[in-house]
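Data block below; observations after.
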Amino acid sequence: MQPATEGRTPAELLAAARDGERRAIARLLTLVERGGGAADAIAGATHRLAGTAHVVGITGAPGSGKSTLTSALTTLLVAGGRRPAVVAVDPSSPLTGGAILGDRVRMEAATVAGVFVRSMATRGHGGGLALAVPGAVRVLDACGFDPVVIETVGVGQVEVDVVAAADTAVVVVTPGWGDAVQANKAGLLEVADLFVVNKADRPGASDARRDLDLMLDLTEVSGACPKRRPVIVETTATKGEGVEDLLAAIDAHHAVLVGGTGLEVRRARRLAAEVRARLDHLLGEAAGQALVEAGPVAGETTVETARRLAGRILGTGDTG
Amino acid sequence: MGAAPIRVVLAKLGLDGHDRGLKVVARMLRDAGMEVVYLGLRQTTGTIVDAVEQEDADVVGISMHNAGHLTLAPLIVAALADAGLGDVPVVIGGVVPDEDLDELAAAGVGAVLGPGASAVEVVASVRGVVDAGVRATGD
Amino acid sequence: MHPDRRTLSGIPVDPVYGEGPLPGEYPYTRGIHAGMYRDRHWTMRMFAGFGTAEDTNGRFKELLRSGGTGLSTAFDMPTLMGRDSDHPLAIGEVGRAGVAVDTVDDMADLFADIDLAAVTTSMTINGPAPILLAMYVAVAEEGGVERRLLAGTLQNDILKEYQAQKEYLFPPRPSVRLVTDVIRFTAAEMPRWNPVSVSGYHIREAGSTAAQELAFTLANGFAYVEAAAAVGLDVDEFAPRLSFFFNSHSDFFEEIGKFRAARRIWARWMRERYGARDERSLKLRFHTQTAGVSLTAQQPEVNIARVALQALAGVLGGTQSLHTDSYDEALALPSKEAARIALRTQQVIAHETGVADVADPLGGSAYVEWMTDELERRAGEVFDRLDDEGGGSILEGVYAGIESGWFMGEIAESAYRFEREVNAGDRVVVGVNAFTEGDEGGSSRLMRIGQDTEDLQRKRLAEVRLARDGSAVRTALARVADEAGRPEANLMPALLDAVRTRATVGEVVEVLEDVFGTYVETTVV
Ligand SMILES: Nc1nc2c(ncn2[C@@H]2O[C@H](COP(=O)(O)OP(=O)(O)O)[C@@H](O)[C@H]2O)c(=O)[nH]1
Ligand SMILES: [Mg+2]
């Protein structure tokens, strides 16, 4: 429907983007999101250029204040002379593939301060997002943005994984016992490098902190959590309160990573996750094709068909 | 997957708070498979241009219920052009009398959706201005 | 008291039929007065406001000459949003959809040569309502009319702004404090003034159903009662002066049921939950406007029929005052001709149809009584939910529903459902998705306000700024800031001082924003 590159090659777009042309940056992100040949070319071109930016993931339940917090945080970063960018992910409708992306509403302060904000839909979940987000982060990184903040809704597995793969994963909860329990259920507790109790202006903020502490004690006892114990920060995002503390905690976490082997470990894990997603994607495509070309034969069981097709894809003959 | 979804920026320009129409249109476009970047109330030409640029929008929809469309529509068209985004079509929705349509078209507005436009009309007109393909030859 | 009424055939009719509780008796389902319209017709209050204060003053005087006693003011969008006419966001909107008021001088022009002791004035304004009320009082007093003589209504219903119309300035809590400041002030000093008109109209226009309009509006009413009680007022000190404003839409019997249910719910809650003893606190008085959102741009003349039927529902529902929309309002400000037809429609209902001869003529109809009960039941579900959310306080429940976006989500969902039904042809809108032949397009006599109004208003504002005593303005604004920071203070006296120095609406709002902060809505699309 739309032309792929609008007359410019990915390399030309990248050169313009690195010169600060915002529209070129935006177009690169579009291409990355669409996947395919252009996205692969961009991934190749940005691979060596990226690696500088501190990647911060922010997740939590819908309405916990992630966007408001992201806006306050990045506005503060701009005031400190840094150049943050935001990738805000919202779910696509599984029925129609469409999406309503509403995070910019709460990020007006950030956009006015000059923060580059890009909204992204999950587009059928699965492989798409797991590839698109690291690709987009790499483009922004290559264009000199640092840090790059990713906001996702901490409900879907892919969304949680995307944040888990960041250098620093921030999990937002709000006052109320339910929230911390929900976070635990969603697997967010294991993911967090840092907790934010947002809406600290509401009653129950200290209870929420206590709940979190308790649950962290439990995971420590069970040995389920080999990481450093996450710091807990209280914020009132709407008033900007506690946001400086949050920034300090994020920077401190980054410093620890950089000081030790943490950063390399994380990034290796991130690359592995991305490779895994690519692999799933490639294999999935191949599987689809194999099925079309050499689908089930009468008399064969489903196991036999699958083994035969796997052998065909992997070029090893029948794996059965 | 088929073609990439059309990306639409939707905003209200000006001070009035009538967002019923904008919200209904947002859902219509979502249900037609488009990605809607929703900016909501009281946007300025500046915030709209930023969003169109950063979101790489294929089209921008502006809703106005303040009788100011003859003043404001040319402002947004000009602001987009100044930012090098003159090829992104602008669709105006709201209370626009028929007699203003020619003036808005002359000002560079791609399409106008009057009160009572049906979902089919809304979706067709957004698709129409995108397909009219100003963008295909742009850049 | 009730002069004889006869049908067109000469048959005499009683003032009321059926068993008790009758109209005028608790819980007032059938009406708040025994005689209803036999004693006194509803007030035919027509909304006006456009251009500069002088332009609207002209229209007001015309209305008064033709026998009206009630004025109703529409302000332009910058004024509603607390911005001066020279604010960058005001471009293109000054005087367009209402009258522009920047300073007390504009307010003086608006009511020039009108005896404020003799008219009742309704002002449709919410976010900056206390500032505009201060201006009205200042103008009256500068003209020698004491504030205790002033009669009228300030809309001043901020909660529905967050839920529906979105013309808020500050976060909900400080905004509600401003509402209670006005309630306290008028309770003490302006006994003939209605400090709040709790409005379902805009909730409905934003897309809610009738049941939601009923439930959300009454919940907001309860919220104000709780807020006023929390600042130390006795319920019977202010409740008699609370009034309501509903929409009258096209589903005839549902609308009538809604008005009847509203009266009954209010009476019961005021007595049982809030301990009101004064009978006037229990009687829900309301203004009705026909549904602007139901007007179609296609075949606009058909709107005359819609408005007539909606107005009839308002009258059969027992409204105290009524505004009928002009048929061309889907396209622009009402033209003079269209506004006259709208008023004539009310006069036909009042004087030709006979429906005003008998109080609650539909009372006892199985369908209407069932509908009334059913709407009451559905509203009850909403109250239970809000009460739960608020831990036993409707006010807190309403705050929670605003913050989570619950109200907005419910309204957006209803709006979208209706739209889909129309699109699918499941719901017929005459001239839009059925019977479409014969549409000749819009009327050619649209009334519009040009750019010259905006330029003129800016010039007037610049002159006022130049002529006033700058240091007096600064001192007065500093006092406003100071009092705003003390939640126990009443801001009204400081606002009166400030507007008298010719401080502008926008300047006062900015000072208040510094103290209260601003508000970004919870978007639920
Ligand atoms: N009381 C309070 N409300 C907040 C705070 N932070 C965000 N909110 C509100 O919570 C709602 C959801 O915020 P948003 O940033 O959109 O949440 P997200 O869905 O997690 O991105 C909005 O109404 C915000 O104004 C806070 O610190 N205190
Ligand atoms: Mg968000």
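By convention here, the chains of the structure tokens are called A, B, ... in the order presented, each chain's residues are numbered starting at 1, and ligands are numbered starting at 1 in the order presented.
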
Skipping near chain neighbours, those fewer than 5 positions away, what residues fall within 10 Å of Ala219 of chain C using only C-alpha atoms, listed as a PyMOL selection string?
chain C and resi 159+198+213-214+224-225+266+379-380+382-383+386-387+394-395+397-398

Taking only C-alpha atoms into account, report as a list in words which residues of chain B lie within 6 Å of chain C.
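My answer is Gly17, Arg20, Lys23, Val24, Gly68, Thr71, Val95 and Pro97 of chain B.
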
Show me, as a ChimeraX atom specification, the residues of chain B whose atoms get within 10 Å of chain A, using only C-alpha atoms for the distance check.
/B:1-11,23,26-41,43,46-47,50-58,83-85,130-131,133,135-139

For ligand 2, list the contacting residues at 8 Å or closer, counting only C-alpha atoms and all ligand atoms, as a ChimeraX atom specification.
/A:62-63,65-68,88,90,102-103,106,151-153

Could you give me, as a ChimeraX atom specification, each residue of segment 71-240 of chain A that DSSP assigns to alpha helix (DSSP H) when run on this structure's backbone?
/A:71-79,108-112,126-142,157-164,177-185,188-191,205-222

List every residue of segment 26-79 of chain B that DSSP, applied to the backbone of this structure, places in strand (DSSP E), and write the result as a PyMOL selection string.
chain B and resi 35-43+59-64

Take the residues from that selection and put them in a file with N, CA and C atoms, as a PDB file, in the first residue's frame.
ATOM      1  N   GLU B  35      -3.643   2.034  12.660  1.00  0.00           N
ATOM      2  CA  GLU B  35      -3.023   2.383  13.935  1.00  0.00           C
ATOM      3  C   GLU B  35      -3.233   3.867  14.185  1.00  0.00           C
ATOM      4  N   VAL B  36      -3.914   4.147  15.268  1.00  0.00           N
ATOM      5  CA  VAL B  36      -4.290   5.516  15.570  1.00  0.00           C
ATOM      6  C   VAL B  36      -3.406   6.054  16.693  1.00  0.00           C
ATOM      7  N   VAL B  37      -2.633   7.063  16.424  1.00  0.00           N
ATOM      8  CA  VAL B  37      -1.884   7.732  17.485  1.00  0.00           C
ATOM      9  C   VAL B  37      -2.787   8.850  17.986  1.00  0.00           C
ATOM     10  N   TYR B  38      -3.305   8.656  19.191  1.00  0.00           N
ATOM     11  CA  TYR B  38      -4.345   9.544  19.709  1.00  0.00           C
ATOM     12  C   TYR B  38      -3.706  10.628  20.568  1.00  0.00           C
ATOM     13  N   LEU B  39      -3.866  11.877  20.160  1.00  0.00           N
ATOM     14  CA  LEU B  39      -3.272  12.978  20.937  1.00  0.00           C
ATOM     15  C   LEU B  39      -4.286  13.623  21.859  1.00  0.00           C
ATOM     16  N   GLY B  40      -5.566  13.538  21.492  1.00  0.00           N
ATOM     17  CA  GLY B  40      -6.600  14.053  22.381  1.00  0.00           C
ATOM     18  C   GLY B  40      -6.781  15.557  22.293  1.00  0.00           C
ATOM     19  N   LEU B  41      -7.171  16.107  23.426  1.00  0.00           N
ATOM     20  CA  LEU B  41      -7.674  17.479  23.483  1.00  0.00           C
ATOM     21  C   LEU B  41      -6.588  18.539  23.439  1.00  0.00           C
ATOM     22  N   ARG B  42      -6.976  19.695  22.955  1.00  0.00           N
ATOM     23  CA  ARG B  42      -6.214  20.942  23.101  1.00  0.00           C
ATOM     24  C   ARG B  42      -4.779  20.836  22.627  1.00  0.00           C
ATOM     25  N   GLN B  43      -4.628  20.327  21.430  1.00  0.00           N
ATOM     26  CA  GLN B  43      -3.297  20.279  20.846  1.00  0.00           C
ATOM     27  C   GLN B  43      -3.020  21.592  20.126  1.00  0.00           C
ATOM     28  N   VAL B  59      -1.298  10.093   7.606  1.00  0.00           N
ATOM     29  CA  VAL B  59      -2.388  11.058   7.477  1.00  0.00           C
ATOM     30  C   VAL B  59      -2.666  11.620   8.873  1.00  0.00           C
ATOM     31  N   VAL B  60      -3.155  12.856   8.918  1.00  0.00           N
ATOM     32  CA  VAL B  60      -3.499  13.425  10.221  1.00  0.00           C
ATOM     33  C   VAL B  60      -4.951  13.894  10.200  1.00  0.00           C
ATOM     34  N   GLY B  61      -5.693  13.538  11.233  1.00  0.00           N
ATOM     35  CA  GLY B  61      -7.099  13.931  11.348  1.00  0.00           C
ATOM     36  C   GLY B  61      -7.267  14.934  12.473  1.00  0.00           C
ATOM     37  N   ILE B  62      -7.886  16.056  12.160  1.00  0.00           N
ATOM     38  CA  ILE B  62      -8.059  17.113  13.148  1.00  0.00           C
ATOM     39  C   ILE B  62      -9.548  17.342  13.341  1.00  0.00           C
ATOM     40  N   SER B  63      -9.978  17.345  14.592  1.00  0.00           N
ATOM     41  CA  SER B  63     -11.387  17.589  14.873  1.00  0.00           C
ATOM     42  C   SER B  63     -11.548  18.974  15.489  1.00  0.00           C
ATOM     43  N   MET B  64     -12.547  19.691  14.990  1.00  0.00           N
ATOM     44  CA  MET B  64     -12.796  21.047  15.514  1.00  0.00           C
ATOM     45  C   MET B  64     -14.291  21.255  15.674  1.00  0.00           C
TER      46      MET B  64
END

Atom pair atom CA of Gly154 of chain A + atom CA of Ala130 of chain A, distance 14.4 Å

Have a look at A:Leu216, A:Lys239, A:Pro91, A:Arg229 and name the one nearest to chain C; count only C-alpha atoms.
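Comparing A:Leu216, A:Lys239, A:Pro91, A:Arg229 against chain C, the winner is A:Lys239.
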
One number please: atom CA of Leu316 of chain C to atom CA of Ile256 of chain C, in Å, one decimal.
6.5 Å

Give me the residues near Lys199 of chain A as an MDAnalysis selection string, where near means some atom within 7 Å (using only C-alpha atoms) and where sequence neighbours in that chain fewer than 2 positions away do not count.
chainID A and resid 174:175 197 201:202 235:237
